[in-house]
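Please read the structure below before turning to the comments.
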Amino acid sequence: MNILLILAVVFGTLVLVRLANVAAIASKLSEENEEAEQESANRWNSIGMLTFLIVGIITMFYLINAYSPLMLPVSASEHGVTIDNLMSVNWIVLFITFLITQILLFFFAFKYKFNKNRRSFYFHDNNKLEAVWTIIPTIVLASLIVTGLREWNDITNKSDKMDGLKIQIYAKQFDFTARYAGADKTLAKTNFRLISDANPLGVDSSDNSSADDIIAKELVMPKGAEIELVINSRDVIHSVYLPHFRVQMNAVPGMTTRFSFKPTMTTAEMQKETKNPKFEYVMLCNKVCGVAHYNMKMPVRVVEMAEYQDWLKTQPLVFPAAADTIAPASSSATAEMMSTSTTGTN
């Protein structure tokens, strides 16, 4: 179907070119007045400009309406609501600017087409006009930038004051791994020199906190909990991207990046919201990190706290051999696992 459409466009363009050549030859043969011919061409070009404007605007609004169902659903995080509102304000400003400039551009091309009986008026400058179109855009853009920076700083500074669940997200070509703390509520330190097939995250086994650290190949979060993602990369720059939570942060080799947020909708609730019983959250890599970048993803689930605690008990330890040396965690300790300390990183 796409090939047929491309061929139709190509052949249609060739036909129009040939028709234009035939019209030019016919004009020469008929010995029409060149000035009259130019005036006719200007008139048709101006009508074409106005037609393009009308058809273009109608097409734009039609496509917006037709493809809006494919946009992301309502945000599933607390801060995402503010981000969506900021995006809406940005789109409103862009649409107003776009419509004003395009309508003026094509209307002027129509209204002020060449007319031998009309003479243009030249003036060197207009200070008032230049002040208006400089000051107003400056105020609007500065307001958008300052508002966006304020919200971004609020999101990224939460890690200094929050007391929530810390989860390490470890990225490498071409997958993600999640690490949770055990009953001691502390993630053990890591070191890239300790990375091996048996210890892919380089967790320091000499750290007493490592004995009950949990490893998982899916990201499961309790609804309503403060989440801090502690993000590391093993090889190249990746990007932890959770579109439904409006979360994105680079995973950079040799350093630790963080992102804090609070999930507000379970997977089941989002399935009802989207009217899609098969809906699932997903974590994607949003950097072109290699040949299998397109396939680098991790399943994500948001559940109620009780289900989260049950799931955590079923996950394997980073060092399974240490399981026999760990005393069973009490139910009260398990319930407190939302409060985890920061991991050490290489």
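The way I read the labels, and the way they are meant: chains A, B, ... in the order of the structure tokens, residue 1 as the first residue of every chain, and ligand 1 as the first ligand shown, with later ones counted on from there.
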
Within 12 Å of range 246-260 of chain A, which residues of range 36-131 of chain A show up? Give each one with its shortest atom-to-atom distance in Å (one decimal) and the two atoms involved, counting only C-alpha atoms, rows by chain then rising residue number, as a tab-separated table.
residue	atom	partner	partner_atom	distance
A:Leu72	CA	A:Arg246	CA	9.7
A:Pro73	CA	A:Arg246	CA	10.8
A:Val74	CA	A:Arg246	CA	10.0
A:Ser75	CA	A:Arg246	CA	6.9
A:Ala76	CA	A:Arg246	CA	8.0
A:Ser77	CA	A:Arg246	CA	7.3
A:Glu78	CA	A:Arg246	CA	9.5
A:His79	CA	A:Arg246	CA	7.9
A:Gly80	CA	A:Arg246	CA	5.3
A:Val81	CA	A:Arg246	CA	8.8
A:Thr82	CA	A:Arg246	CA	10.0
A:Ile83	CA	A:Arg246	CA	7.5
A:Asp84	CA	A:Arg246	CA	8.5
A:Asn85	CA	A:Arg246	CA	11.9
A:Met87	CA	A:Arg246	CA	11.3

Keeping only N, CA and C atoms, write the selected residues as a short mmCIF file (atom, residue, chain, number, x, y, z; two decimals), in the first residue's frame.
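The new file out18.cif reads:
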data_model
loop_
_atom_site.label_atom_id
_atom_site.label_comp_id
_atom_site.auth_asym_id
_atom_site.auth_seq_id
_atom_site.Cartn_x
_atom_site.Cartn_y
_atom_site.Cartn_z
N LEU A 72 -0.29 9.35 24.94
CA LEU A 72 -0.21 8.71 26.25
C LEU A 72 -1.47 8.99 27.05
N PRO A 73 -1.91 8.02 27.85
CA PRO A 73 -3.07 8.26 28.71
C PRO A 73 -2.71 9.18 29.86
N VAL A 74 -3.65 9.40 30.77
CA VAL A 74 -3.42 10.26 31.93
C VAL A 74 -2.19 9.79 32.70
N SER A 75 -1.47 10.72 33.29
CA SER A 75 -0.24 10.39 34.00
C SER A 75 -0.53 9.48 35.19
N ALA A 76 0.38 8.52 35.43
CA ALA A 76 0.23 7.59 36.54
C ALA A 76 1.16 7.95 37.69
N SER A 77 1.65 9.19 37.73
CA SER A 77 2.51 9.63 38.83
C SER A 77 2.06 11.00 39.31
N GLU A 78 2.46 11.34 40.51
CA GLU A 78 2.04 12.59 41.12
C GLU A 78 2.57 13.80 40.36
N HIS A 79 3.87 13.79 40.07
CA HIS A 79 4.47 14.94 39.38
C HIS A 79 4.06 15.00 37.91
N GLY A 80 3.64 13.85 37.36
CA GLY A 80 3.29 13.80 35.95
C GLY A 80 2.11 14.69 35.60
N VAL A 81 1.21 14.90 36.56
CA VAL A 81 0.06 15.77 36.32
C VAL A 81 0.53 17.19 36.03
N THR A 82 1.49 17.67 36.83
CA THR A 82 2.04 19.02 36.61
C THR A 82 2.76 19.10 35.27
N ILE A 83 3.52 18.06 34.95
CA ILE A 83 4.24 18.05 33.67
C ILE A 83 3.25 18.09 32.51
N ASP A 84 2.17 17.33 32.60
CA ASP A 84 1.16 17.35 31.54
C ASP A 84 0.54 18.73 31.40
N ASN A 85 0.30 19.39 32.53
CA ASN A 85 -0.27 20.75 32.48
C ASN A 85 0.71 21.72 31.81
N MET A 87 2.98 20.92 29.60
CA MET A 87 2.99 20.59 28.18
C MET A 87 1.77 21.19 27.48
#

key: Nearest candidate to Arg43 in chain A (options A:His238, A:Lys297, A:Phe114, A:Glu269; using only C-alpha atoms)   =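 The shortest atom-to-atom distance to Arg43 in chain A comes from A:Phe114.
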
ask   = If we count only C-alpha atoms, what is near range 205-212 of chain A at a cut-off of 7 Å, once residues fewer than 5 positions away on the same chain are taken out, given as a PyMOL selection string?
value = chain A and resi 181-184+186-189+317+319+322

ask   = Of the candidates A:Ser196, A:Thr51, A:Asn117, A:Gln168, which shows the shortest atom-to-atom distance to Ser233 in chain A, using only C-alpha atoms?
value = A:Gln168

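Atom to atom, CA of Ile215 in chain A and CA of Ile237 in chain A stand 21.8 Å apart.
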
ask   = Got a sec: who's within 9 Å of range 220-230 of chain A, counting only C-alpha atoms, leaving out chain neighbours fewer than 3 positions off, as a PyMOL selection string?
value = chain A and resi 77-78+158-159+162-170+216+256-266+299-309+311-312+338-339+342-343

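With distances restricted to only C-alpha atoms, A:Val240 is the closest residue to Met298 in chain A from A:Ile57, A:Met71, A:Leu4, A:Val240.
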
Residues near Ile214 in chain A, cut-off 6 Å, only C-alpha atoms, skip fewer than 6 positions along chain, as JSON, numbers by chain = {"A": [179, 180, 316, 317, 318]}

Written selection (C-alpha atoms) as an mmCIF file, in the first residue's frame:
data_model
loop_
_atom_site.group_PDB
_atom_site.id
_atom_site.type_symbol
_atom_site.label_atom_id
_atom_site.label_comp_id
_atom_site.auth_asym_id
_atom_site.auth_seq_id
_atom_site.Cartn_x
_atom_site.Cartn_y
_atom_site.Cartn_z
ATOM 1 C CA ARG A 179 17.836 -4.411 42.819
ATOM 2 C CA TYR A 180 15.804 -4.069 46.025
ATOM 3 C CA PRO A 316 15.832 -14.321 44.317
ATOM 4 C CA LEU A 317 18.686 -12.911 46.367
ATOM 5 C CA VAL A 318 21.727 -11.318 44.747
#

key: Test item, alpha helix (DSSP H) assignment across range 78-285 of chain A, answer as a ChimeraX atom specification   = /A:78-111,127-156,267-274

message = Env of Asn115 in chain A: 8 Å cut, atoms = only C-alpha atoms, seq-sep filter 3 positions within chain, self excluded. Answer as a list in words.
response = Glu39, Tyr112 and Arg118 of chain A
